[in-house]
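To keep things clear, I will list the structure first and then write my remarks on it.
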Amino acid sequence: MGWSARDPGMIGVAAIGAGRMGRTHLATLGALPGIRVLSVTDRDPAAAEAGRRLARAERAHTDPAVAVAEAGVDAVVIVTPTGTHAELIELAARAGRAVWCEKPIASGLAETRRVLATVGAAGVPVQIGFMRRYDPGYRAAKARIDAGELGRIETFRAVSRDAVCPPPAYLATSGGIFLDLGVHDLDLARFLVGEVAEVSAWGAVLFDPAVGAVGDVDTGIAMLRFRDGALGTLELGRHTDWGYDIRTEIVGARAKVVVEAERRTPIAVSRGMGTATDHHPSFPERFGEAFRDQLAAFFAALAAGETPGPGPEDSLETLRLALAVTRSHAEGRPVRVEEIDG
Ligand SMILES: NC(=O)c1ccc[n+]([C@@H]2O[C@H](COP(=O)([O-])OP(=O)(O)OC[C@H]3O[C@@H](n4cnc5c(N)ncnc54)[C@H](O)[C@@H]3O)[C@@H](O)[C@H]2O)c1
């Protein structure tokens, strides 16, 4: 990797975006050793100031261009809405800054490719926030698969159900259930099993007519045929009465691994003929460790002069797969992933 931090022992950081997800990441940045958060930027000045305090940063800004250009900035952390990622990544890359950005780079393939070309020309390291790759369960599953413990992979099964359906205004611009909710499972399919050749998807409005009114579905099923012949399924739902419901199973010739959200509180109450435990309410609680570890890994890679990941190419391929599933559902036919090229 050609890029290097000015002082690998103390990496200068400019953080942009202090909203819902940004506040989680800013609290992490404020506690990470080996970095110095120079500024927090949000176009809302009150959010920028609140974020500055969370990250223990030196300055608050409202203009990303000012923050990125400041002396001493090695890396830019971007946690703004998806529609702004491409332009902010390019701004940082052109200034020679390393980039960590929330997923996805963009909602379209052409824009994502343009960003890849810009960061490629700038030669800066880029990591995208597919945080499940840093969850201890998925990391352990990956290590066992890579070590050959499962033998040939036969099937992959992922279940993702949000506890509470997002509001219709959010869903209207989310890109649909397969992109918005399914993208993490599709990234895991690629991470754990490999590239997908063909997909088939069905969706239905079974719970909330307001979801149908904005052109989305609240329940979705996708089938995956991997290039190496393995088969997979993905089940998505927008509501549960029992909490955040995330499960992944990889079955091989010799063993299977299951990654499942453990209970939130380490207590089980048995009474009568049943046992009760609790669940995580949503992703910040279930994946708290992954959210922290992905940022720690990014800065550790920069300090060591190594390439961080998952990088922009992974983001592009996972987006292509999610768009293939979305097209299969929209057009009611199987879609080969290589069809998605626009
Ligand atoms: N990895 C995950 O599981 C996960 C979960 C939730 C959200 N996300 C991603 O995080 C990103 C942010 O989501 P959120 O829920 O925090 O959004 P949000 O709307 O709560 O916060 C975005 C913040 O960015 C600020 N902002 C907007 N445009 C800006 C600009 N050009 N310059 C500076 N500040 C700007 C807004 O004022 C706001 O404070 C999205 O891309 C989303 O996909 C990822």
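Going by the structure tokens order, chains are called A, B, ..., each with residues numbered from 1, while ligands are numbered from 1 in the order shown.
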Select the residues contacting ligand 1 at a distance of at most 7 Å, based on only C-alpha atoms and all ligand atoms, then format the selection as an mmCIF file with N, CA, C and O atoms, in the first residue's frame.
data_model
loop_
_atom_site.group_PDB
_atom_site.id
_atom_site.type_symbol
_atom_site.label_atom_id
_atom_site.label_comp_id
_atom_site.auth_asym_id
_atom_site.auth_seq_id
_atom_site.Cartn_x
_atom_site.Cartn_y
_atom_site.Cartn_z
ATOM 1 N N ILE A 16 -17.372 12.982 9.799
ATOM 2 C CA ILE A 16 -18.469 13.742 9.165
ATOM 3 C C ILE A 16 -19.775 12.983 9.349
ATOM 4 O O ILE A 16 -19.887 11.813 8.948
ATOM 5 N N GLY A 17 -20.769 13.658 9.935
ATOM 6 C CA GLY A 17 -22.079 13.029 10.150
ATOM 7 C C GLY A 17 -22.261 12.662 11.615
ATOM 8 O O GLY A 17 -21.557 11.791 12.135
ATOM 9 N N ALA A 18 -23.163 13.347 12.295
ATOM 10 C CA ALA A 18 -23.380 13.098 13.732
ATOM 11 C C ALA A 18 -24.859 12.840 13.986
ATOM 12 O O ALA A 18 -25.449 13.377 14.917
ATOM 13 N N GLY A 19 -25.463 11.990 13.150
ATOM 14 C CA GLY A 19 -26.865 11.610 13.326
ATOM 15 C C GLY A 19 -26.965 10.352 14.163
ATOM 16 O O GLY A 19 -26.125 10.073 15.026
ATOM 17 N N ARG A 20 -27.987 9.530 13.861
ATOM 18 C CA ARG A 20 -28.281 8.321 14.634
ATOM 19 C C ARG A 20 -27.075 7.369 14.678
ATOM 20 O O ARG A 20 -26.568 7.024 15.730
ATOM 21 N N MET A 21 -26.586 6.978 13.503
ATOM 22 C CA MET A 21 -25.452 6.045 13.431
ATOM 23 C C MET A 21 -24.151 6.761 13.787
ATOM 24 O O MET A 21 -23.253 6.182 14.401
ATOM 25 N N GLY A 22 -24.060 8.025 13.369
ATOM 26 C CA GLY A 22 -22.848 8.805 13.629
ATOM 27 C C GLY A 22 -22.534 8.876 15.109
ATOM 28 O O GLY A 22 -21.372 8.749 15.514
ATOM 29 N N THR A 41 -17.955 17.103 11.907
ATOM 30 C CA THR A 41 -18.711 17.980 11.014
ATOM 31 C C THR A 41 -20.121 17.450 10.841
ATOM 32 O O THR A 41 -20.320 16.242 10.644
ATOM 33 N N ASP A 42 -21.096 18.335 10.933
ATOM 34 C CA ASP A 42 -22.472 18.007 10.569
ATOM 35 C C ASP A 42 -23.074 19.297 10.048
ATOM 36 O O ASP A 42 -22.784 20.376 10.573
ATOM 37 N N ARG A 43 -23.923 19.178 9.021
ATOM 38 C CA ARG A 43 -24.450 20.438 8.490
ATOM 39 C C ARG A 43 -25.406 21.099 9.486
ATOM 40 O O ARG A 43 -25.699 22.285 9.360
ATOM 41 N N ASP A 44 -25.851 20.342 10.477
ATOM 42 C CA ASP A 44 -26.631 20.895 11.582
ATOM 43 C C ASP A 44 -25.641 21.259 12.704
ATOM 44 O O ASP A 44 -25.022 20.371 13.295
ATOM 45 N N ALA A 47 -25.905 19.431 16.065
ATOM 46 C CA ALA A 47 -25.465 18.026 15.979
ATOM 47 C C ALA A 47 -23.939 17.958 15.940
ATOM 48 O O ALA A 47 -23.326 17.085 16.564
ATOM 49 N N THR A 62 -19.424 22.801 10.078
ATOM 50 C CA THR A 62 -20.639 22.489 9.318
ATOM 51 C C THR A 62 -20.314 22.210 7.849
ATOM 52 O O THR A 62 -21.177 21.760 7.104
ATOM 53 N N ASP A 63 -19.073 22.459 7.422
ATOM 54 C CA ASP A 63 -18.703 22.278 6.017
ATOM 55 C C ASP A 63 -17.641 21.175 5.896
ATOM 56 O O ASP A 63 -16.492 21.352 6.349
ATOM 57 N N PRO A 64 -17.992 20.026 5.274
ATOM 58 C CA PRO A 64 -17.015 18.933 5.152
ATOM 59 C C PRO A 64 -15.732 19.354 4.439
ATOM 60 O O PRO A 64 -14.644 18.866 4.794
ATOM 61 N N VAL A 79 -20.318 9.289 8.042
ATOM 62 C CA VAL A 79 -21.535 8.628 8.544
ATOM 63 C C VAL A 79 -22.740 9.524 8.239
ATOM 64 O O VAL A 79 -23.598 9.771 9.099
ATOM 65 N N THR A 80 -22.778 10.022 7.032
ATOM 66 C CA THR A 80 -23.878 10.879 6.574
ATOM 67 C C THR A 80 -24.889 10.013 5.805
ATOM 68 O O THR A 80 -24.636 8.822 5.587
ATOM 69 N N PRO A 81 -26.025 10.579 5.377
ATOM 70 C CA PRO A 81 -26.987 9.757 4.616
ATOM 71 C C PRO A 81 -26.371 9.197 3.332
ATOM 72 O O PRO A 81 -25.470 9.806 2.737
ATOM 73 N N THR A 82 -26.872 8.037 2.920
ATOM 74 C CA THR A 82 -26.294 7.300 1.793
ATOM 75 C C THR A 82 -26.081 8.172 0.554
ATOM 76 O O THR A 82 -25.040 8.075 -0.099
ATOM 77 N N THR A 84 -25.108 11.022 0.142
ATOM 78 C CA THR A 84 -23.969 11.957 0.193
ATOM 79 C C THR A 84 -22.622 11.229 0.216
ATOM 80 O O THR A 84 -21.572 11.877 0.146
ATOM 81 N N GLU A 102 -19.673 4.564 6.051
ATOM 82 C CA GLU A 102 -20.810 3.659 6.269
ATOM 83 C C GLU A 102 -21.227 3.064 4.926
ATOM 84 O O GLU A 102 -21.035 3.660 3.871
ATOM 85 N N LYS A 103 -21.853 1.893 4.966
ATOM 86 C CA LYS A 103 -22.333 1.283 3.740
ATOM 87 C C LYS A 103 -23.618 1.990 3.322
ATOM 88 O O LYS A 103 -24.323 2.503 4.202
ATOM 89 N N PRO A 104 -23.999 2.009 2.062
ATOM 90 C CA PRO A 104 -23.196 1.630 0.898
ATOM 91 C C PRO A 104 -22.482 2.862 0.335
ATOM 92 O O PRO A 104 -22.741 3.980 0.779
ATOM 93 N N GLY A 129 -18.501 0.122 5.727
ATOM 94 C CA GLY A 129 -19.038 -0.391 6.988
ATOM 95 C C GLY A 129 -19.935 -1.618 6.946
ATOM 96 O O GLY A 129 -21.030 -1.589 7.525
ATOM 97 N N PHE A 130 -19.494 -2.686 6.281
ATOM 98 C CA PHE A 130 -20.232 -3.956 6.384
ATOM 99 C C PHE A 130 -19.775 -4.631 7.679
ATOM 100 O O PHE A 130 -18.932 -5.521 7.681
ATOM 101 N N MET A 131 -20.388 -4.175 8.789
ATOM 102 C CA MET A 131 -19.823 -4.485 10.104
ATOM 103 C C MET A 131 -19.989 -5.928 10.512
ATOM 104 O O MET A 131 -19.263 -6.411 11.376
ATOM 105 N N PHE A 283 -30.286 -3.548 15.842
ATOM 106 C CA PHE A 283 -28.895 -3.782 15.434
ATOM 107 C C PHE A 283 -27.832 -3.135 16.328
ATOM 108 O O PHE A 283 -26.773 -3.729 16.521
#
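Candidate residues A:Val66, A:Val335, A:Leu26, A:Ala172 were compared for distance to Arg320 in chain A, and the nearest is A:Val335, using only C-alpha atoms.
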CA of Glu70 in chain A to CA of Thr24 in chain A, straight-line distance in Å: 23.9 Å
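If only C-alpha atoms are the atoms counted, then among A:Arg52, A:His25, A:Arg152, A:Arg97 the closest residue to Ala5 in chain A is A:Arg97.
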Within 9 Å of Asp216 in chain A using only C-alpha atoms, minus same-chain residues under 2 positions, as a PyMOL selection string: chain A and resi 171-172+175-177+203-205+210-214+218
Within 9 Å of Pro45 in chain A using only C-alpha atoms, minus same-chain residues under 5 positions, as a PyMOL selection string: chain A and resi 50+60-62
Per-residue DSSP, range 300-329 of chain A, filtered to alpha helix (DSSP H), as a ChimeraX atom specification: /A:300-304,312-329
Write the residues of the selection above to a file with N, CA, C and O atoms, as a PDB file, in the first residue's frame.
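Below is the file selection-v9.pdb, written as the result:
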ATOM      1  N   ALA A 300      -6.100   0.174  12.882  1.00  0.00           N
ATOM      2  CA  ALA A 300      -4.966  -0.742  13.075  1.00  0.00           C
ATOM      3  C   ALA A 300      -4.299  -1.030  11.732  1.00  0.00           C
ATOM      4  O   ALA A 300      -3.069  -1.069  11.633  1.00  0.00           O
ATOM      5  N   ALA A 301      -5.119  -1.215  10.680  1.00  0.00           N
ATOM      6  CA  ALA A 301      -4.558  -1.470   9.343  1.00  0.00           C
ATOM      7  C   ALA A 301      -3.768  -0.246   8.865  1.00  0.00           C
ATOM      8  O   ALA A 301      -2.652  -0.382   8.344  1.00  0.00           O
ATOM      9  N   LEU A 302      -4.338   0.947   9.049  1.00  0.00           N
ATOM     10  CA  LEU A 302      -3.616   2.159   8.625  1.00  0.00           C
ATOM     11  C   LEU A 302      -2.278   2.280   9.354  1.00  0.00           C
ATOM     12  O   LEU A 302      -1.257   2.598   8.748  1.00  0.00           O
ATOM     13  N   ALA A 303      -2.297   2.026  10.665  1.00  0.00           N
ATOM     14  CA  ALA A 303      -1.069   2.162  11.457  1.00  0.00           C
ATOM     15  C   ALA A 303      -0.016   1.159  11.015  1.00  0.00           C
ATOM     16  O   ALA A 303       1.175   1.451  11.031  1.00  0.00           O
ATOM     17  N   ALA A 304      -0.480  -0.043  10.592  1.00  0.00           N
ATOM     18  CA  ALA A 304       0.458  -1.105  10.204  1.00  0.00           C
ATOM     19  C   ALA A 304       0.843  -1.021   8.727  1.00  0.00           C
ATOM     20  O   ALA A 304       1.630  -1.837   8.244  1.00  0.00           O
ATOM     21  N   PRO A 312     -13.838  -1.022  -1.307  1.00  0.00           N
ATOM     22  CA  PRO A 312     -14.849  -0.581  -2.264  1.00  0.00           C
ATOM     23  C   PRO A 312     -15.262  -1.642  -3.282  1.00  0.00           C
ATOM     24  O   PRO A 312     -16.408  -1.672  -3.718  1.00  0.00           O
ATOM     25  N   GLU A 313     -14.356  -2.564  -3.638  1.00  0.00           N
ATOM     26  CA  GLU A 313     -14.726  -3.610  -4.605  1.00  0.00           C
ATOM     27  C   GLU A 313     -15.783  -4.533  -4.003  1.00  0.00           C
ATOM     28  O   GLU A 313     -16.707  -4.962  -4.690  1.00  0.00           O
ATOM     29  N   ASP A 314     -15.617  -4.844  -2.707  1.00  0.00           N
ATOM     30  CA  ASP A 314     -16.622  -5.670  -2.037  1.00  0.00           C
ATOM     31  C   ASP A 314     -17.962  -4.956  -2.006  1.00  0.00           C
ATOM     32  O   ASP A 314     -19.016  -5.576  -2.187  1.00  0.00           O
ATOM     33  N   SER A 315     -17.920  -3.670  -1.770  1.00  0.00           N
ATOM     34  CA  SER A 315     -19.156  -2.887  -1.712  1.00  0.00           C
ATOM     35  C   SER A 315     -19.852  -2.919  -3.076  1.00  0.00           C
ATOM     36  O   SER A 315     -21.075  -3.073  -3.166  1.00  0.00           O
ATOM     37  N   LEU A 316     -19.072  -2.824  -4.148  1.00  0.00           N
ATOM     38  CA  LEU A 316     -19.631  -2.857  -5.505  1.00  0.00           C
ATOM     39  C   LEU A 316     -20.277  -4.211  -5.792  1.00  0.00           C
ATOM     40  O   LEU A 316     -21.405  -4.285  -6.292  1.00  0.00           O
ATOM     41  N   GLU A 317     -19.596  -5.304  -5.437  1.00  0.00           N
ATOM     42  CA  GLU A 317     -20.131  -6.642  -5.751  1.00  0.00           C
ATOM     43  C   GLU A 317     -21.360  -6.972  -4.903  1.00  0.00           C
ATOM     44  O   GLU A 317     -22.299  -7.611  -5.379  1.00  0.00           O
ATOM     45  N   THR A 318     -21.368  -6.527  -3.645  1.00  0.00           N
ATOM     46  CA  THR A 318     -22.539  -6.771  -2.800  1.00  0.00           C
ATOM     47  C   THR A 318     -23.722  -5.958  -3.313  1.00  0.00           C
ATOM     48  O   THR A 318     -24.863  -6.443  -3.329  1.00  0.00           O
ATOM     49  N   LEU A 319     -23.465  -4.742  -3.778  1.00  0.00           N
ATOM     50  CA  LEU A 319     -24.542  -3.928  -4.362  1.00  0.00           C
ATOM     51  C   LEU A 319     -25.086  -4.599  -5.623  1.00  0.00           C
ATOM     52  O   LEU A 319     -26.308  -4.680  -5.825  1.00  0.00           O
ATOM     53  N   ARG A 320     -24.194  -5.122  -6.469  1.00  0.00           N
ATOM     54  CA  ARG A 320     -24.632  -5.786  -7.702  1.00  0.00           C
ATOM     55  C   ARG A 320     -25.573  -6.961  -7.369  1.00  0.00           C
ATOM     56  O   ARG A 320     -26.614  -7.151  -7.992  1.00  0.00           O
ATOM     57  N   LEU A 321     -25.189  -7.724  -6.336  1.00  0.00           N
ATOM     58  CA  LEU A 321     -26.000  -8.873  -5.917  1.00  0.00           C
ATOM     59  C   LEU A 321     -27.367  -8.404  -5.390  1.00  0.00           C
ATOM     60  O   LEU A 321     -28.411  -8.980  -5.744  1.00  0.00           O
ATOM     61  N   ALA A 322     -27.375  -7.358  -4.576  1.00  0.00           N
ATOM     62  CA  ALA A 322     -28.644  -6.846  -4.027  1.00  0.00           C
ATOM     63  C   ALA A 322     -29.536  -6.304  -5.147  1.00  0.00           C
ATOM     64  O   ALA A 322     -30.769  -6.468  -5.112  1.00  0.00           O
ATOM     65  N   LEU A 323     -28.934  -5.692  -6.151  1.00  0.00           N
ATOM     66  CA  LEU A 323     -29.725  -5.175  -7.279  1.00  0.00           C
ATOM     67  C   LEU A 323     -30.282  -6.331  -8.114  1.00  0.00           C
ATOM     68  O   LEU A 323     -31.392  -6.246  -8.648  1.00  0.00           O
ATOM     69  N   ALA A 324     -29.528  -7.419  -8.209  1.00  0.00           N
ATOM     70  CA  ALA A 324     -30.021  -8.594  -8.949  1.00  0.00           C
ATOM     71  C   ALA A 324     -31.248  -9.176  -8.248  1.00  0.00           C
ATOM     72  O   ALA A 324     -32.252  -9.524  -8.893  1.00  0.00           O
ATOM     73  N   VAL A 325     -31.191  -9.283  -6.916  1.00  0.00           N
ATOM     74  CA  VAL A 325     -32.334  -9.811  -6.159  1.00  0.00           C
ATOM     75  C   VAL A 325     -33.527  -8.869  -6.323  1.00  0.00           C
ATOM     76  O   VAL A 325     -34.669  -9.316  -6.536  1.00  0.00           O
ATOM     77  N   THR A 326     -33.271  -7.574  -6.246  1.00  0.00           N
ATOM     78  CA  THR A 326     -34.346  -6.578  -6.387  1.00  0.00           C
ATOM     79  C   THR A 326     -34.996  -6.692  -7.775  1.00  0.00           C
ATOM     80  O   THR A 326     -36.222  -6.645  -7.909  1.00  0.00           O
ATOM     81  N   ARG A 327     -34.177  -6.885  -8.807  1.00  0.00           N
ATOM     82  CA  ARG A 327     -34.726  -7.013 -10.162  1.00  0.00           C
ATOM     83  C   ARG A 327     -35.530  -8.304 -10.318  1.00  0.00           C
ATOM     84  O   ARG A 327     -36.584  -8.328 -10.962  1.00  0.00           O
ATOM     85  N   SER A 328     -35.043  -9.386  -9.712  1.00  0.00           N
ATOM     86  CA  SER A 328     -35.771 -10.653  -9.799  1.00  0.00           C
ATOM     87  C   SER A 328     -37.171 -10.506  -9.207  1.00  0.00           C
ATOM     88  O   SER A 328     -38.159 -10.971  -9.790  1.00  0.00           O
ATOM     89  N   HIS A 329     -37.238  -9.836  -8.062  1.00  0.00           N
ATOM     90  CA  HIS A 329     -38.553  -9.620  -7.435  1.00  0.00           C
ATOM     91  C   HIS A 329     -39.422  -8.726  -8.326  1.00  0.00           C
ATOM     92  O   HIS A 329     -40.596  -9.024  -8.566  1.00  0.00           O
TER      93      HIS A 329
END
Expected answer as JSON, numbers by chain: strand (DSSP E) residues in range 46-212 of chain A: {"A": [59, 60, 61, 75, 76, 77, 78, 98, 99, 100, 101, 126, 127, 128, 153, 154, 155, 156, 157, 158, 159, 160, 161, 196, 197, 198, 199, 200, 201, 202, 203, 204]}
CA of Pro136 in chain A to CA of Cys101 in chain A, straight-line distance in Å: 21.0 Å
Shell around Ser282 in chain A at 8 Å using only C-alpha atoms, local window under 2 positions removed, as a ChimeraX atom specification: /A:162-163,243-244,280,284-286
Let's have the selection written as an mmCIF file, in the first residue's frame, with N, CA, C and O atoms.
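Final file, out.cif:
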data_model
loop_
_atom_site.group_PDB
_atom_site.id
_atom_site.type_symbol
_atom_site.label_atom_id
_atom_site.label_comp_id
_atom_site.auth_asym_id
_atom_site.auth_seq_id
_atom_site.Cartn_x
_atom_site.Cartn_y
_atom_site.Cartn_z
ATOM 1 N N ASP A 162 -36.303 -7.324 11.213
ATOM 2 C CA ASP A 162 -36.295 -6.157 12.100
ATOM 3 C C ASP A 162 -37.451 -6.287 13.076
ATOM 4 O O ASP A 162 -38.515 -6.806 12.720
ATOM 5 N N ALA A 163 -37.268 -5.755 14.286
ATOM 6 C CA ALA A 163 -38.363 -5.803 15.263
ATOM 7 C C ALA A 163 -39.452 -4.779 14.913
ATOM 8 O O ALA A 163 -40.637 -5.059 15.020
ATOM 9 N N GLY A 243 -38.465 -9.160 19.051
ATOM 10 C CA GLY A 243 -37.132 -8.559 19.012
ATOM 11 C C GLY A 243 -36.441 -8.756 17.670
ATOM 12 O O GLY A 243 -37.021 -9.285 16.722
ATOM 13 N N TYR A 244 -35.204 -8.307 17.605
ATOM 14 C CA TYR A 244 -34.378 -8.364 16.391
ATOM 15 C C TYR A 244 -34.004 -9.834 16.160
ATOM 16 O O TYR A 244 -33.482 -10.492 17.071
ATOM 17 N N HIS A 280 -32.242 -9.182 21.676
ATOM 18 C CA HIS A 280 -31.789 -7.820 21.380
ATOM 19 C C HIS A 280 -32.914 -7.067 20.678
ATOM 20 O O HIS A 280 -33.570 -7.629 19.793
ATOM 21 N N PRO A 284 -28.050 -1.935 16.910
ATOM 22 C CA PRO A 284 -26.956 -1.372 17.722
ATOM 23 C C PRO A 284 -26.609 -2.254 18.916
ATOM 24 O O PRO A 284 -25.440 -2.339 19.306
ATOM 25 N N GLU A 285 -27.614 -2.945 19.480
ATOM 26 C CA GLU A 285 -27.347 -3.804 20.629
ATOM 27 C C GLU A 285 -26.733 -5.134 20.171
ATOM 28 O O GLU A 285 -25.737 -5.597 20.724
ATOM 29 N N ARG A 286 -27.317 -5.738 19.117
ATOM 30 C CA ARG A 286 -26.809 -7.036 18.654
ATOM 31 C C ARG A 286 -25.384 -6.919 18.111
ATOM 32 O O ARG A 286 -24.545 -7.790 18.310
#
Surrounding residues of Leu116 in chain A excluding itself and chain neighbours under 6 positions, 12 Å, only C-alpha atoms, as a ChimeraX atom specification: /A:86-87,89-90,93,105-106,109-110,122-128,311-317
Export of prior selection with all heavy atoms as a short mmCIF file (atom, residue, chain, number, x, y, z; two decimals), in the first residue's frame:
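And here is the file that came out, out_33.cif:
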data_model
loop_
_atom_site.label_atom_id
_atom_site.label_comp_id
_atom_site.auth_asym_id
_atom_site.auth_seq_id
_atom_site.Cartn_x
_atom_site.Cartn_y
_atom_site.Cartn_z
N ALA A 86 -20.92 9.21 -1.87
CA ALA A 86 -20.04 9.23 -3.05
C ALA A 86 -19.25 10.53 -3.11
O ALA A 86 -18.02 10.53 -3.24
CB ALA A 86 -20.87 9.03 -4.32
N GLU A 87 -19.98 11.64 -2.97
CA GLU A 87 -19.32 12.94 -3.10
C GLU A 87 -18.32 13.18 -1.95
O GLU A 87 -17.22 13.72 -2.17
CB GLU A 87 -20.44 14.00 -3.17
CG GLU A 87 -20.25 15.23 -2.41
CD GLU A 87 -21.57 16.03 -2.28
OE1 GLU A 87 -22.68 15.54 -2.54
OE2 GLU A 87 -21.43 17.16 -1.89
N ILE A 89 -16.71 10.78 -0.16
CA ILE A 89 -15.55 9.88 -0.33
C ILE A 89 -14.59 10.50 -1.36
O ILE A 89 -13.37 10.54 -1.17
CB ILE A 89 -15.98 8.47 -0.80
CG1 ILE A 89 -16.79 7.75 0.29
CG2 ILE A 89 -14.78 7.62 -1.18
CD1 ILE A 89 -17.42 6.42 -0.17
N GLU A 90 -15.18 11.01 -2.44
CA GLU A 90 -14.33 11.60 -3.49
C GLU A 90 -13.60 12.85 -2.99
O GLU A 90 -12.43 13.07 -3.30
CB GLU A 90 -15.18 11.91 -4.73
CG GLU A 90 -15.59 10.61 -5.44
CD GLU A 90 -16.38 10.85 -6.72
OE1 GLU A 90 -17.36 11.61 -6.66
OE2 GLU A 90 -16.01 10.27 -7.74
N ALA A 93 -10.79 11.51 -0.82
CA ALA A 93 -9.76 10.80 -1.60
C ALA A 93 -8.90 11.80 -2.39
O ALA A 93 -7.67 11.67 -2.43
CB ALA A 93 -10.42 9.80 -2.55
N ILE A 105 -21.60 2.65 -0.66
CA ILE A 105 -20.95 3.80 -1.31
C ILE A 105 -22.01 4.65 -2.01
O ILE A 105 -22.00 5.87 -1.93
CB ILE A 105 -19.89 3.30 -2.32
CG1 ILE A 105 -18.72 2.67 -1.55
CG2 ILE A 105 -19.42 4.43 -3.23
CD1 ILE A 105 -17.65 2.06 -2.43
N ALA A 106 -22.91 3.98 -2.71
CA ALA A 106 -24.00 4.66 -3.42
C ALA A 106 -25.08 3.62 -3.69
O ALA A 106 -24.85 2.42 -3.52
CB ALA A 106 -23.50 5.26 -4.74
N LEU A 109 -24.92 1.33 -9.42
CA LEU A 109 -23.64 0.74 -9.81
C LEU A 109 -22.72 1.76 -10.51
O LEU A 109 -21.52 1.79 -10.25
CB LEU A 109 -23.93 -0.42 -10.77
CG LEU A 109 -23.21 -1.73 -10.55
CD1 LEU A 109 -23.19 -2.18 -9.13
CD2 LEU A 109 -23.82 -2.80 -11.45
N ALA A 110 -23.31 2.62 -11.36
CA ALA A 110 -22.48 3.56 -12.12
C ALA A 110 -21.78 4.54 -11.19
O ALA A 110 -20.57 4.81 -11.33
CB ALA A 110 -23.35 4.31 -13.14
N ALA A 122 -6.45 8.04 -6.64
CA ALA A 122 -5.85 8.75 -5.50
C ALA A 122 -4.93 7.83 -4.69
O ALA A 122 -4.06 8.30 -3.95
CB ALA A 122 -6.95 9.31 -4.60
N GLY A 123 -5.14 6.51 -4.80
CA GLY A 123 -4.29 5.55 -4.08
C GLY A 123 -4.48 5.57 -2.58
O GLY A 123 -3.56 5.26 -1.82
N VAL A 124 -5.70 5.94 -2.12
CA VAL A 124 -5.94 5.99 -0.67
C VAL A 124 -6.67 4.72 -0.22
O VAL A 124 -7.47 4.15 -0.95
CB VAL A 124 -6.78 7.23 -0.27
CG1 VAL A 124 -6.02 8.51 -0.58
CG2 VAL A 124 -8.14 7.23 -0.95
N PRO A 125 -6.40 4.26 1.01
CA PRO A 125 -7.13 3.11 1.54
C PRO A 125 -8.57 3.48 1.89
O PRO A 125 -8.81 4.57 2.42
CB PRO A 125 -6.35 2.73 2.81
CG PRO A 125 -5.40 3.82 3.08
CD PRO A 125 -5.35 4.77 1.93
N VAL A 126 -9.50 2.56 1.59
CA VAL A 126 -10.92 2.81 1.86
C VAL A 126 -11.54 1.56 2.48
O VAL A 126 -11.34 0.45 1.97
CB VAL A 126 -11.67 3.15 0.55
CG1 VAL A 126 -13.18 3.30 0.81
CG2 VAL A 126 -11.12 4.43 -0.07
N GLN A 127 -12.28 1.74 3.56
CA GLN A 127 -13.04 0.63 4.17
C GLN A 127 -14.51 1.03 4.24
O GLN A 127 -14.83 2.17 4.59
CB GLN A 127 -12.50 0.30 5.57
CG GLN A 127 -13.24 -0.87 6.23
CD GLN A 127 -12.64 -1.28 7.57
OE1 GLN A 127 -11.42 -1.20 7.76
NE2 GLN A 127 -13.47 -1.73 8.48
N ILE A 128 -15.39 0.07 3.94
CA ILE A 128 -16.84 0.33 3.95
C ILE A 128 -17.46 -0.47 5.11
O ILE A 128 -17.07 -1.61 5.38
CB ILE A 128 -17.47 -0.07 2.59
CG1 ILE A 128 -16.76 0.67 1.43
CG2 ILE A 128 -18.97 0.22 2.57
CD1 ILE A 128 -16.86 2.19 1.46
N GLY A 311 -13.32 -3.51 1.34
CA GLY A 311 -13.03 -2.32 0.57
C GLY A 311 -14.11 -2.00 -0.44
O GLY A 311 -15.18 -2.62 -0.45
N PRO A 312 -13.84 -1.02 -1.31
CA PRO A 312 -14.85 -0.58 -2.26
C PRO A 312 -15.26 -1.64 -3.28
O PRO A 312 -16.41 -1.67 -3.72
CB PRO A 312 -14.21 0.63 -2.95
CG PRO A 312 -12.80 0.67 -2.52
CD PRO A 312 -12.63 -0.18 -1.32
N GLU A 313 -14.36 -2.56 -3.64
CA GLU A 313 -14.73 -3.61 -4.60
C GLU A 313 -15.78 -4.53 -4.00
O GLU A 313 -16.71 -4.96 -4.69
CB GLU A 313 -13.50 -4.43 -5.03
CG GLU A 313 -12.47 -3.67 -5.85
CD GLU A 313 -11.57 -2.78 -5.01
OE1 GLU A 313 -11.60 -2.91 -3.76
OE2 GLU A 313 -10.86 -1.94 -5.58
N ASP A 314 -15.62 -4.84 -2.71
CA ASP A 314 -16.62 -5.67 -2.04
C ASP A 314 -17.96 -4.96 -2.01
O ASP A 314 -19.02 -5.58 -2.19
CB ASP A 314 -16.19 -5.98 -0.59
CG ASP A 314 -15.44 -7.29 -0.51
OD1 ASP A 314 -15.94 -8.27 -1.10
OD2 ASP A 314 -14.39 -7.34 0.11
N SER A 315 -17.92 -3.67 -1.77
CA SER A 315 -19.16 -2.89 -1.71
C SER A 315 -19.85 -2.92 -3.08
O SER A 315 -21.07 -3.07 -3.17
CB SER A 315 -18.81 -1.44 -1.32
OG SER A 315 -19.96 -0.72 -1.04
N LEU A 316 -19.07 -2.82 -4.15
CA LEU A 316 -19.63 -2.86 -5.50
C LEU A 316 -20.28 -4.21 -5.79
O LEU A 316 -21.40 -4.28 -6.29
CB LEU A 316 -18.51 -2.59 -6.53
CG LEU A 316 -18.94 -2.64 -7.99
CD1 LEU A 316 -19.58 -1.31 -8.41
CD2 LEU A 316 -17.75 -2.92 -8.91
N GLU A 317 -19.60 -5.30 -5.44
CA GLU A 317 -20.13 -6.64 -5.75
C GLU A 317 -21.36 -6.97 -4.90
O GLU A 317 -22.30 -7.61 -5.38
CB GLU A 317 -19.04 -7.71 -5.58
CG GLU A 317 -17.98 -7.68 -6.66
CD GLU A 317 -18.56 -7.62 -8.08
OE1 GLU A 317 -19.52 -8.35 -8.39
OE2 GLU A 317 -18.07 -6.79 -8.88
#
